[in-house]
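K.L.:
Please find one structure pasted underneath; my questions will follow.
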Amino acid sequence: ESALFPPAAALVTAVVGVRVLQAFRYGFHKGSAFLHPLGCLLFALIGLNSVRWFWFGKGGQWKGRLLKPPR
């Protein structure tokens with residue numbers, strides 16, 4: 001077991017707890033509170049994949065202009 005597991009588990013529990021409270025207070029779907037950590041993970045993976053495409057691919061495009069990583 002990693003030394004990081006207990007703090008990580010406590011953090012995930014706190015985040016889900018806050019989302020459950022928000023779901024009850026503001027009428028959000030209750031299941032969304034438990035999917036929130038998964039959504040955060042997917043968001044981070046999408047961001048990392050975009051960085052990978054930019055640095056190791058052909059660059060990126062913004063408003064029709066090709067952007068290349070500095071070399």
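As shown in the structure tokens, the chain order sets the letters A, B, ...; within each chain, residues go from 1, and ligands are also counted from 1 in the order they appear.
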Residues near Pro69 of chain A, anyone? I mean within 12 Å using only C-alpha atoms, not counting same-chain ones fewer than 5 positions away, as a list in words.
P.N.:
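My list of contacting residues is Val51, Arg52, Trp53, Phe54, Trp55, Phe56, Gly57, Lys58, Gly59, Gly60 and Gln61 of chain A.
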K.L.:
Please return as number ranges by chain: the residues of chain A that backbone DSSP assigns to strand (DSSP E).
P.N.:
A: 60-62, 65-67
K.L.:
Grab the residues selected above and save them as a PDB file, in the first residue's frame with all heavy atoms.
P.N.:
ATOM      1  N   GLY A  60      -0.467  22.297 -33.305  1.00  0.00           N
ATOM      2  CA  GLY A  60      -1.880  22.530 -33.089  1.00  0.00           C
ATOM      3  C   GLY A  60      -2.367  23.629 -34.011  1.00  0.00           C
ATOM      4  O   GLY A  60      -1.595  24.225 -34.759  1.00  0.00           O
ATOM      5  N   GLN A  61      -3.663  23.877 -33.955  1.00  0.00           N
ATOM      6  CA  GLN A  61      -4.234  24.907 -34.797  1.00  0.00           C
ATOM      7  C   GLN A  61      -5.115  25.802 -33.949  1.00  0.00           C
ATOM      8  O   GLN A  61      -5.865  25.328 -33.092  1.00  0.00           O
ATOM      9  CB  GLN A  61      -5.056  24.262 -35.912  1.00  0.00           C
ATOM     10  CG  GLN A  61      -5.431  25.218 -36.998  1.00  0.00           C
ATOM     11  CD  GLN A  61      -6.041  24.492 -38.188  1.00  0.00           C
ATOM     12  OE1 GLN A  61      -6.156  23.273 -38.191  1.00  0.00           O
ATOM     13  NE2 GLN A  61      -6.428  25.235 -39.197  1.00  0.00           N
ATOM     14  N   TRP A  62      -5.005  27.106 -34.184  1.00  0.00           N
ATOM     15  CA  TRP A  62      -5.802  28.078 -33.442  1.00  0.00           C
ATOM     16  C   TRP A  62      -6.252  29.150 -34.415  1.00  0.00           C
ATOM     17  O   TRP A  62      -5.435  29.814 -35.058  1.00  0.00           O
ATOM     18  CB  TRP A  62      -4.972  28.692 -32.307  1.00  0.00           C
ATOM     19  CG  TRP A  62      -5.692  29.753 -31.552  1.00  0.00           C
ATOM     20  CD1 TRP A  62      -5.546  31.099 -31.673  1.00  0.00           C
ATOM     21  CD2 TRP A  62      -6.689  29.564 -30.556  1.00  0.00           C
ATOM     22  NE1 TRP A  62      -6.385  31.760 -30.819  1.00  0.00           N
ATOM     23  CE2 TRP A  62      -7.098  30.840 -30.112  1.00  0.00           C
ATOM     24  CE3 TRP A  62      -7.281  28.439 -30.000  1.00  0.00           C
ATOM     25  CZ2 TRP A  62      -8.075  31.010 -29.137  1.00  0.00           C
ATOM     26  CZ3 TRP A  62      -8.254  28.619 -29.027  1.00  0.00           C
ATOM     27  CH2 TRP A  62      -8.630  29.902 -28.600  1.00  0.00           C
ATOM     28  N   ARG A  65      -4.632  29.188 -37.782  1.00  0.00           N
ATOM     29  CA  ARG A  65      -3.163  29.310 -37.861  1.00  0.00           C
ATOM     30  C   ARG A  65      -2.527  28.062 -37.243  1.00  0.00           C
ATOM     31  O   ARG A  65      -2.972  27.587 -36.201  1.00  0.00           O
ATOM     32  CB  ARG A  65      -2.689  30.553 -37.096  1.00  0.00           C
ATOM     33  CG  ARG A  65      -3.176  31.851 -37.707  1.00  0.00           C
ATOM     34  CD  ARG A  65      -2.587  33.031 -36.980  1.00  0.00           C
ATOM     35  NE  ARG A  65      -2.976  33.104 -35.594  1.00  0.00           N
ATOM     36  CZ  ARG A  65      -3.962  33.868 -35.126  1.00  0.00           C
ATOM     37  NH1 ARG A  65      -4.648  34.623 -35.958  1.00  0.00           N
ATOM     38  NH2 ARG A  65      -4.241  33.878 -33.852  1.00  0.00           N
ATOM     39  N   LEU A  66      -1.495  27.567 -37.894  1.00  0.00           N
ATOM     40  CA  LEU A  66      -0.784  26.392 -37.404  1.00  0.00           C
ATOM     41  C   LEU A  66       0.217  26.819 -36.342  1.00  0.00           C
ATOM     42  O   LEU A  66       1.013  27.729 -36.564  1.00  0.00           O
ATOM     43  CB  LEU A  66      -0.057  25.679 -38.552  1.00  0.00           C
ATOM     44  CG  LEU A  66       0.616  24.366 -38.189  1.00  0.00           C
ATOM     45  CD1 LEU A  66      -0.413  23.342 -37.714  1.00  0.00           C
ATOM     46  CD2 LEU A  66       1.379  23.831 -39.373  1.00  0.00           C
ATOM     47  N   LEU A  67       0.158  26.194 -35.191  1.00  0.00           N
ATOM     48  CA  LEU A  67       1.082  26.468 -34.099  1.00  0.00           C
ATOM     49  C   LEU A  67       1.993  25.265 -33.931  1.00  0.00           C
ATOM     50  O   LEU A  67       1.528  24.134 -33.876  1.00  0.00           O
ATOM     51  CB  LEU A  67       0.323  26.713 -32.795  1.00  0.00           C
ATOM     52  CG  LEU A  67      -0.723  27.823 -32.831  1.00  0.00           C
ATOM     53  CD1 LEU A  67      -1.536  27.810 -31.548  1.00  0.00           C
ATOM     54  CD2 LEU A  67      -0.065  29.158 -33.036  1.00  0.00           C
TER      55      LEU A  67
END
K.L.:
Within 10 Å of Val16 of chain A, counting only C-alpha atoms, which residues show up once you throw out same-chain ones fewer than 2 positions away? Write them as a list of chain:residue names, please.
P.N.:
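Non-adjacent residues within range: A:Ala10, A:Leu11, A:Val12, A:Thr13, A:Ala14, A:Val18, A:Arg19, A:Val20, A:Leu21, A:Gln22, A:Ser32, A:Ala33, A:Phe34, A:Leu35, A:His36, A:Pro37.
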K.L.:
In Å, rounded to a single decimal, give me how far atom CA of Leu38 of chain A is from atom CA of Glu1 of chain A.
P.N.:
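Answer for the atom CA of Glu1 of chain A to atom CA of Leu38 of chain A separation: 21.6 Å.
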